[in-house]
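Trainee: This is my_file_26.cif, which holds mmCIF, C-alpha atoms, pLDDT in the B column; chains and numbers go by the auth columns:
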```cif
data_start
loop_
_atom_site.group_PDB
_atom_site.id
_atom_site.type_symbol
_atom_site.label_atom_id
_atom_site.label_comp_id
_atom_site.label_asym_id
_atom_site.label_seq_id
_atom_site.Cartn_x
_atom_site.Cartn_y
_atom_site.Cartn_z
_atom_site.B_iso_or_equiv
_atom_site.auth_seq_id
_atom_site.auth_asym_id
ATOM 1 C CA MET A 1 7.308 3.464 -30.114 42.00 1 A
ATOM 2 C CA ALA A 2 9.430 4.731 -27.188 43.00 2 A
ATOM 3 C CA ALA A 3 7.256 7.828 -26.926 42.00 3 A
ATOM 4 C CA LEU A 4 4.108 5.692 -26.808 35.00 4 A
ATOM 5 C CA LEU A 5 5.578 3.564 -24.020 37.00 5 A
ATOM 6 C CA LEU A 6 6.492 6.638 -21.997 39.00 6 A
ATOM 7 C CA MET A 7 2.998 8.048 -22.422 42.00 7 A
ATOM 8 C CA ALA A 8 1.434 4.777 -21.307 43.00 8 A
ATOM 9 C CA ALA A 9 3.569 4.339 -18.201 44.00 9 A
ATOM 10 C CA PRO A 10 1.582 6.602 -15.845 50.00 10 A
ATOM 11 C CA VAL A 11 -1.673 4.896 -16.832 45.00 11 A
ATOM 12 C CA SER A 12 -0.321 1.417 -16.141 49.00 12 A
ATOM 13 C CA ALA A 13 1.205 2.584 -12.859 57.00 13 A
ATOM 14 C CA GLN A 14 -2.071 4.006 -11.566 63.00 14 A
ATOM 15 C CA PRO A 15 -3.764 0.667 -10.750 65.00 15 A
ATOM 16 C CA ALA A 16 -0.650 -0.390 -8.808 89.00 16 A
ATOM 17 C CA ILE A 17 -0.758 2.758 -6.655 93.00 17 A
ATOM 18 C CA GLU A 18 -4.479 2.307 -6.000 94.00 18 A
ATOM 19 C CA SER A 19 -3.815 -1.290 -4.973 95.00 19 A
ATOM 20 C CA VAL A 20 -1.142 -0.141 -2.513 96.00 20 A
ATOM 21 C CA LYS A 21 -3.555 2.439 -1.082 96.00 21 A
ATOM 22 C CA THR A 22 -6.133 -0.283 -0.493 96.00 22 A
ATOM 23 C CA GLU A 23 -3.517 -2.470 1.197 97.00 23 A
ATOM 24 C CA LEU A 24 -2.333 0.381 3.417 97.00 24 A
ATOM 25 C CA ARG A 25 -5.858 1.249 4.530 96.00 25 A
ATOM 26 C CA ALA A 26 -6.298 -2.375 5.598 97.00 26 A
ATOM 27 C CA PHE A 27 -2.870 -2.261 7.271 97.00 27 A
ATOM 28 C CA ILE A 28 -3.728 0.872 9.298 96.00 28 A
ATOM 29 C CA THR A 29 -7.017 -0.742 10.346 96.00 29 A
ATOM 30 C CA GLU A 30 -5.074 -3.807 11.506 97.00 30 A
ATOM 31 C CA LEU A 31 -2.578 -1.583 13.358 96.00 31 A
ATOM 32 C CA ASN A 32 -5.404 0.287 15.089 94.00 32 A
ATOM 33 C CA ALA A 33 -6.902 -2.997 16.274 95.00 33 A
ATOM 34 C CA ALA A 34 -3.546 -4.176 17.621 96.00 34 A
ATOM 35 C CA LEU A 35 -2.948 -0.873 19.421 94.00 35 A
ATOM 36 C CA ALA A 36 -6.456 -0.823 20.920 93.00 36 A
ATOM 37 C CA ALA A 37 -6.015 -4.377 22.224 94.00 37 A
ATOM 38 C CA ARG A 38 -2.414 -3.721 23.302 95.00 38 A
ATOM 39 C CA ASP A 39 -1.544 -6.906 21.425 96.00 39 A
ATOM 40 C CA ARG A 40 2.236 -6.820 21.736 97.00 40 A
ATOM 41 C CA GLU A 41 2.874 -9.693 19.334 97.00 41 A
ATOM 42 C CA ALA A 42 0.788 -8.044 16.614 97.00 42 A
ATOM 43 C CA ILE A 43 2.330 -4.609 17.249 97.00 43 A
ATOM 44 C CA GLU A 44 5.846 -6.024 16.959 97.00 44 A
ATOM 45 C CA ARG A 45 4.876 -7.666 13.680 97.00 45 A
ATOM 46 C CA LEU A 46 3.564 -4.389 12.240 98.00 46 A
ATOM 47 C CA TYR A 47 6.591 -2.223 13.084 98.00 47 A
ATOM 48 C CA ALA A 48 9.805 -2.912 11.154 98.00 48 A
ATOM 49 C CA ALA A 49 12.922 -3.888 13.091 97.00 49 A
ATOM 50 C CA GLU A 50 14.588 -0.667 11.873 97.00 50 A
ATOM 51 C CA PHE A 51 11.605 1.483 12.893 98.00 51 A
ATOM 52 C CA LEU A 52 12.380 5.008 14.048 96.00 52 A
ATOM 53 C CA TYR A 53 9.994 7.678 15.298 94.00 53 A
ATOM 54 C CA ILE A 54 11.451 11.164 14.869 90.00 54 A
ATOM 55 C CA HIS A 55 9.175 13.219 17.097 81.00 55 A
ATOM 56 C CA THR A 56 8.007 16.719 16.331 73.00 56 A
ATOM 57 C CA ASN A 57 9.311 17.685 19.757 65.00 57 A
ATOM 58 C CA GLY A 58 11.963 15.506 21.293 64.00 58 A
ATOM 59 C CA PRO A 59 14.603 12.901 20.460 73.00 59 A
ATOM 60 C CA PRO A 60 14.114 9.953 18.071 87.00 60 A
ATOM 61 C CA THR A 61 12.569 6.769 19.479 90.00 61 A
ATOM 62 C CA ASP A 62 13.498 3.313 18.211 95.00 62 A
ATOM 63 C CA ARG A 63 11.169 0.340 17.848 97.00 63 A
ATOM 64 C CA ALA A 64 11.772 -1.153 21.289 96.00 64 A
ATOM 65 C CA ALA A 65 11.238 2.140 23.122 93.00 65 A
ATOM 66 C CA HIS A 66 8.190 3.055 21.038 93.00 66 A
ATOM 67 C CA ILE A 67 6.496 -0.286 21.670 95.00 67 A
ATOM 68 C CA ALA A 68 7.380 -0.180 25.376 92.00 68 A
ATOM 69 C CA GLU A 69 5.824 3.280 25.714 85.00 69 A
ATOM 70 C CA THR A 70 2.752 2.139 23.788 89.00 70 A
ATOM 71 C CA MET A 71 2.253 -0.878 26.034 90.00 71 A
ATOM 72 C CA ALA A 72 2.648 1.262 29.174 84.00 72 A
ATOM 73 C CA THR A 73 -0.081 3.757 28.250 80.00 73 A
ATOM 74 C CA LYS A 74 -3.820 3.480 27.847 78.00 74 A
ATOM 75 C CA PRO A 75 -5.314 3.431 24.316 79.00 75 A
ATOM 76 C CA ARG A 76 -6.160 6.966 23.125 71.00 76 A
ATOM 77 C CA GLY A 77 -8.468 6.225 20.208 70.00 77 A
ATOM 78 C CA ALA A 78 -7.961 4.952 16.681 77.00 78 A
ATOM 79 C CA MET A 79 -5.408 6.464 14.348 78.00 79 A
ATOM 80 C CA PRO A 80 -7.328 8.195 11.539 82.00 80 A
ATOM 81 C CA ILE A 81 -6.876 6.611 8.119 87.00 81 A
ATOM 82 C CA PRO A 82 -5.311 9.285 5.884 87.00 82 A
ATOM 83 C CA SER A 83 -6.550 10.069 2.379 87.00 83 A
ATOM 84 C CA LEU A 84 -3.261 8.762 0.885 93.00 84 A
ATOM 85 C CA ASP A 85 -3.641 11.317 -1.929 92.00 85 A
ATOM 86 C CA ASN A 86 0.036 12.251 -1.579 91.00 86 A
ATOM 87 C CA LEU A 87 1.299 8.669 -1.465 95.00 87 A
ATOM 88 C CA ILE A 88 4.520 7.890 -3.361 95.00 88 A
ATOM 89 C CA VAL A 89 5.262 4.264 -4.177 96.00 89 A
ATOM 90 C CA VAL A 90 8.774 3.125 -5.106 95.00 90 A
ATOM 91 C CA GLY A 91 8.968 -0.631 -5.402 93.00 91 A
ATOM 92 C CA ASP A 92 8.071 -2.111 -2.020 95.00 92 A
ATOM 93 C CA VAL A 93 8.347 1.232 -0.223 97.00 93 A
ATOM 94 C CA ALA A 94 5.462 3.676 0.194 97.00 94 A
ATOM 95 C CA ILE A 95 6.024 7.243 1.405 97.00 95 A
ATOM 96 C CA LEU A 96 3.239 9.468 2.659 96.00 96 A
ATOM 97 C CA ARG A 97 3.904 13.181 3.096 93.00 97 A
ATOM 98 C CA ASP A 98 1.081 15.155 4.594 87.00 98 A
ATOM 99 C CA ARG A 99 0.306 18.258 6.613 79.00 99 A
ATOM 100 C CA VAL A 100 -1.692 17.689 9.784 69.00 100 A
ATOM 101 C CA ALA A 101 -2.749 20.819 11.701 63.00 101 A
ATOM 102 C CA ASP A 102 0.442 22.838 12.295 64.00 102 A
ATOM 103 C CA ARG A 103 2.949 20.122 11.553 71.00 103 A
ATOM 104 C CA PHE A 104 4.247 18.306 8.487 83.00 104 A
ATOM 105 C CA GLY A 105 4.471 14.550 8.727 87.00 105 A
ATOM 106 C CA THR A 106 6.223 11.816 6.767 94.00 106 A
ATOM 107 C CA THR A 107 5.362 8.131 7.153 96.00 107 A
ATOM 108 C CA ILE A 108 7.413 5.439 5.420 97.00 108 A
ATOM 109 C CA TYR A 109 5.960 1.960 4.928 98.00 109 A
ATOM 110 C CA ALA A 110 7.961 -1.044 3.700 98.00 110 A
ATOM 111 C CA LYS A 111 6.613 -4.325 2.334 97.00 111 A
ATOM 112 C CA ARG A 112 8.452 -7.492 3.312 96.00 112 A
ATOM 113 C CA ASN A 113 7.407 -11.059 2.689 95.00 113 A
ATOM 114 C CA GLY A 114 4.072 -9.803 1.403 95.00 114 A
ATOM 115 C CA ARG A 115 3.272 -7.756 4.525 97.00 115 A
ATOM 116 C CA TRP A 116 3.423 -3.999 5.128 98.00 116 A
ATOM 117 C CA GLN A 117 5.254 -2.558 8.127 98.00 117 A
ATOM 118 C CA VAL A 118 5.825 0.955 9.461 98.00 118 A
ATOM 119 C CA LEU A 119 9.473 1.806 8.870 98.00 119 A
ATOM 120 C CA GLN A 120 9.621 5.437 9.987 97.00 120 A
ATOM 121 C CA LEU A 121 7.484 8.262 11.355 94.00 121 A
ATOM 122 C CA GLN A 122 8.667 11.848 11.315 92.00 122 A
ATOM 123 C CA GLY A 123 6.970 15.084 12.309 84.00 123 A
ATOM 124 C CA THR A 124 8.171 18.636 11.759 81.00 124 A
ATOM 125 C CA ALA A 125 6.555 21.575 13.521 74.00 125 A
ATOM 126 C CA LEU A 126 5.588 24.475 11.277 74.00 126 A
ATOM 127 C CA PRO A 127 6.028 28.078 12.450 70.00 127 A
ATOM 128 C CA SER A 128 3.353 29.029 14.945 70.00 128 A
ATOM 129 C CA THR A 129 0.747 31.570 13.892 75.00 129 A
ATOM 130 C CA ILE A 130 -0.734 31.915 17.382 81.00 130 A
ATOM 131 C CA PRO A 131 -0.588 35.492 18.703 86.00 131 A
ATOM 132 C CA ALA A 132 1.214 35.538 22.048 88.00 132 A
ATOM 133 C CA ALA A 133 -0.792 36.785 25.007 92.00 133 A
ATOM 134 C CA ALA A 134 0.812 39.216 27.447 91.00 134 A
ATOM 135 C CA VAL A 135 1.070 37.949 31.029 93.00 135 A
ATOM 136 C CA SER A 136 3.037 39.230 33.986 92.00 136 A
ATOM 137 C CA PRO A 137 6.523 37.920 34.824 91.00 137 A
ATOM 138 C CA GLU A 138 5.187 37.050 38.283 93.00 138 A
ATOM 139 C CA LEU A 139 2.614 34.701 36.776 93.00 139 A
ATOM 140 C CA LEU A 140 5.225 32.928 34.655 95.00 140 A
ATOM 141 C CA ALA A 141 7.486 32.608 37.692 95.00 141 A
ATOM 142 C CA LYS A 142 4.673 30.793 39.499 95.00 142 A
ATOM 143 C CA TYR A 143 4.804 28.009 36.901 96.00 143 A
ATOM 144 C CA ALA A 144 8.596 27.629 36.967 96.00 144 A
ATOM 145 C CA GLY A 145 9.952 24.517 38.635 95.00 145 A
ATOM 146 C CA ARG A 146 10.269 20.755 38.382 96.00 146 A
ATOM 147 C CA TYR A 147 7.214 18.592 37.735 96.00 147 A
ATOM 148 C CA GLN A 148 6.766 14.840 37.972 94.00 148 A
ATOM 149 C CA GLN A 149 4.839 13.589 34.955 93.00 149 A
ATOM 150 C CA ASP A 150 2.600 10.500 35.090 90.00 150 A
ATOM 151 C CA ASN A 151 4.983 8.549 32.832 85.00 151 A
ATOM 152 C CA ASP A 152 7.848 9.091 35.339 86.00 152 A
ATOM 153 C CA LEU A 153 9.530 11.810 33.284 88.00 153 A
ATOM 154 C CA VAL A 154 10.673 14.981 35.027 93.00 154 A
ATOM 155 C CA VAL A 155 9.545 18.124 33.179 95.00 155 A
ATOM 156 C CA ILE A 156 11.239 21.422 33.977 95.00 156 A
ATOM 157 C CA PHE A 157 9.634 24.805 33.329 97.00 157 A
ATOM 158 C CA THR A 158 11.868 27.889 33.316 96.00 158 A
ATOM 159 C CA VAL A 159 11.340 31.555 32.529 96.00 159 A
ATOM 160 C CA GLU A 160 13.558 33.465 30.124 93.00 160 A
ATOM 161 C CA GLY A 161 12.495 37.017 29.389 90.00 161 A
ATOM 162 C CA ALA A 162 8.793 37.020 28.541 90.00 162 A
ATOM 163 C CA ASN A 163 8.702 33.315 27.701 92.00 163 A
ATOM 164 C CA LEU A 164 8.019 30.099 29.573 95.00 164 A
ATOM 165 C CA ASN A 165 10.235 27.206 28.481 94.00 165 A
ATOM 166 C CA LEU A 166 9.654 23.464 28.748 94.00 166 A
ATOM 167 C CA GLN A 167 12.357 20.835 28.974 92.00 167 A
ATOM 168 C CA VAL A 168 12.101 17.146 29.726 89.00 168 A
ATOM 169 C CA GLU A 169 15.102 16.456 31.938 86.00 169 A
ATOM 170 C CA GLY A 170 18.109 15.621 29.775 79.00 170 A
ATOM 171 C CA ARG A 171 16.391 16.613 26.535 78.00 171 A
ATOM 172 C CA GLN A 172 15.944 19.617 24.275 79.00 172 A
ATOM 173 C CA LYS A 173 14.466 22.859 25.629 86.00 173 A
ATOM 174 C CA PHE A 174 11.412 24.387 23.904 87.00 174 A
ATOM 175 C CA VAL A 175 10.110 27.951 24.025 90.00 175 A
ATOM 176 C CA LEU A 176 6.355 27.983 24.603 93.00 176 A
ATOM 177 C CA THR A 177 3.854 30.454 23.183 92.00 177 A
ATOM 178 C CA THR A 178 1.650 32.054 25.823 95.00 178 A
ATOM 179 C CA VAL A 179 -1.970 31.495 24.787 95.00 179 A
ATOM 180 C CA SER A 180 -3.564 32.692 28.039 95.00 180 A
ATOM 181 C CA ALA A 181 -2.762 33.041 31.721 95.00 181 A
ATOM 182 C CA THR A 182 -3.064 29.249 32.151 95.00 182 A
ATOM 183 C CA GLU A 183 -2.427 27.789 28.687 96.00 183 A
ATOM 184 C CA PHE A 184 0.767 27.517 26.655 96.00 184 A
ATOM 185 C CA ALA A 185 1.448 26.055 23.193 92.00 185 A
ATOM 186 C CA MET A 186 4.346 23.886 22.061 88.00 186 A
ATOM 187 C CA PRO A 187 6.209 24.939 18.885 82.00 187 A
ATOM 188 C CA GLY A 188 3.939 24.617 15.872 77.00 188 A
ATOM 189 C CA ASP A 189 0.986 24.281 18.253 81.00 189 A
ATOM 190 C CA THR A 190 1.510 20.519 18.228 79.00 190 A
ATOM 191 C CA ALA A 191 0.345 20.332 21.853 86.00 191 A
ATOM 192 C CA ARG A 192 -0.908 22.545 24.693 93.00 192 A
ATOM 193 C CA ILE A 193 0.037 22.718 28.375 95.00 193 A
ATOM 194 C CA ARG A 194 -2.749 23.799 30.722 96.00 194 A
ATOM 195 C CA PHE A 195 -1.952 24.686 34.319 97.00 195 A
ATOM 196 C CA ALA A 196 -4.375 24.205 37.214 95.00 196 A
ATOM 197 C CA PRO A 197 -4.538 26.182 40.500 91.00 197 A
ATOM 198 C CA ASP A 198 -3.363 23.139 42.502 91.00 198 A
ATOM 199 C CA GLY A 199 0.131 23.239 40.987 86.00 199 A
ATOM 200 C CA SER A 200 -0.453 20.603 38.317 95.00 200 A
ATOM 201 C CA TYR A 201 -0.719 20.667 34.524 96.00 201 A
ATOM 202 C CA GLU A 202 -2.255 18.647 31.722 95.00 202 A
ATOM 203 C CA PHE A 203 -0.552 18.027 28.398 92.00 203 A
ATOM 204 C CA HIS A 204 -3.151 18.151 25.619 91.00 204 A
ATOM 205 C CA ARG A 205 -2.914 16.967 22.021 83.00 205 A
ATOM 206 C CA ALA A 206 -5.831 17.355 19.596 76.00 206 A
ATOM 207 C CA ASN A 207 -7.703 18.914 22.528 81.00 207 A
ATOM 208 C CA GLN A 208 -7.455 15.667 24.500 84.00 208 A
ATOM 209 C CA PRO A 209 -5.458 15.312 27.751 88.00 209 A
ATOM 210 C CA ILE A 210 -2.725 12.718 27.303 87.00 210 A
ATOM 211 C CA ARG A 211 -0.337 13.451 30.216 90.00 211 A
ATOM 212 C CA LYS A 212 -0.500 15.000 33.666 93.00 212 A
ATOM 213 C CA GLY A 213 2.230 16.499 35.827 94.00 213 A
ATOM 214 C CA LYS A 214 2.494 17.604 39.453 95.00 214 A
ATOM 215 C CA LYS A 215 4.947 20.138 40.831 94.00 215 A
ATOM 216 C CA GLN A 216 7.609 18.574 43.026 88.00 216 A
#
```
Using structure tokens, write down the structure that the file contains.
Mentor:
Amino acid sequence: MAALLLMAAPVSAQPAIESVKTELRAFITELNAALAARDREAIERLYAAEFLYIHTNGPPTDRAAHIAETMATKPRGAMPIPSLDNLIVVGDVAILRDRVADRFGTTIYAKRNGRWQVLQLQGTALPSTIPAAAVSPELLAKYAGRYQQDNDLVVIFTVEGANLNLQVEGRQKFVLTTVSATEFAMPGDTARIRFAPDGSYEFHRANQPIRKGKKQ
């Protein structure tokens, strides 16, 4: 009898997982609508109080800071609804582990009072497979300096050996991969920095410009 119960458990659990997947797809659709409308009340309802965003590049961001940054920026398009094939459900917690481009992401959802919320986002850059282009030290030196970014952050570019480094003031330093004479990749190719002749740069993610900076 015990063996029969153990064999039956995965079958009975399957409908529950599929139900959670359906609920999460509806939740992500609701979150996209709130983000597009910059509906602060709805956004606050959809992120858990303990929410933490552990960035691929940079320090963790709590709920208040994440929502404040969201409200201060323009909508950048809907978040794609994942396949949820790798979803793990443990009680009222759902964990999605998935590889997106050159990074590995983990999203944790928690269900409270019958409603899903985002509890944590985490991204980990995978080793870059981009071949580094050879450029002259003089060219790299031209990009070195302090830049004012359009979200009021100060971004510092420095040269060490044959590499250009990026560091948001007061944060971790990252070694960039040289893609071309004007383009550089963040670790794991999670984003690209493209310099212009006028002493400015654009920060691209998914081939879309999301930030701009001007040399001070």
Trainee: Please report the interatomic distance between atom CA of A:Ala125 and atom CA of A:Thr106 in Å with one decimal.
Mentor: 11.9 Å
Trainee: Check which residues satisfy the PyMOL selection byres ((chain A and resi 30) around 12) in the file shown, then give them as number ranges by chain.
Mentor: A: 23-29, 31-37, 39, 42-43, 45-47, 78-79, 81, 115-117
Trainee: Leaving out stretch 201-215 of chain A and any residue of its chain fewer than 6 positions from it, which residues lie within 6 Å of it when counting only C-alpha atoms, given as a list in words?
Mentor: Arg146, Tyr147, Gln148, Gln149, Asp150, Ala191, Arg192, Ile193, Arg194 and Phe195 of chain A
Trainee: Can you tell me how far atom CA of A:Asp62 sits from atom CA of A:Val118, in Å to one decimal?
Mentor: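 So the two atoms, atom CA of A:Asp62 and atom CA of A:Val118, lie 11.9 Å apart.
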Trainee: When distances are computed from all atoms listed in the file, which of A:Arg38, A:Ala16, A:His55, A:Pro80 shows the smallest separation from A:Ala94?
Mentor: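 When distances to A:Ala94 are compared using all atoms listed in the file, the smallest one comes from A:Ala16.
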Trainee: Expand the PyMOL selection byres ((chain A and resi 135) around 12) into the explicit residue set it covers here, and present it as a compact mmCIF listing (two decimals) with C-alpha atoms, in the frame of the given file.
Mentor:
```txt
# COMPACT_ATOMS: atom_id res chain seq x y z
CA ALA A 132 1.21 35.54 22.05
CA ALA A 133 -0.79 36.78 25.01
CA ALA A 134 0.81 39.22 27.45
CA SER A 136 3.04 39.23 33.99
CA PRO A 137 6.52 37.92 34.82
CA GLU A 138 5.19 37.05 38.28
CA LEU A 139 2.61 34.70 36.78
CA LEU A 140 5.22 32.93 34.66
CA ALA A 141 7.49 32.61 37.69
CA LYS A 142 4.67 30.79 39.50
CA GLY A 161 12.50 37.02 29.39
CA ALA A 162 8.79 37.02 28.54
CA ASN A 163 8.70 33.32 27.70
CA LEU A 164 8.02 30.10 29.57
CA THR A 177 3.85 30.45 23.18
CA THR A 178 1.65 32.05 25.82
CA VAL A 179 -1.97 31.50 24.79
CA SER A 180 -3.56 32.69 28.04
CA ALA A 181 -2.76 33.04 31.72
CA THR A 182 -3.06 29.25 32.15
CA GLU A 183 -2.43 27.79 28.69
CA PHE A 184 0.77 27.52 26.66
```
Trainee: Could you work out an axis-aligned box for stretch 18-24 of chain A, taking every atom the file lists and adding 4 Å on each side, and report centre and edge lengths in Å to one decimal, as AutoDock Vina command-line options?
Mentor:
```
--center_x -3.6 --center_y 0.0 --center_z -1.3 --size_x 13.0 --size_y 12.9 --size_z 17.4
```
Trainee: I'd like the interatomic distance between atom CA of A:Leu52 and atom CA of A:Thr129, to a tenth of an Å.
Mentor: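 Rounded to one decimal, the two atoms are 29.0 Å apart.
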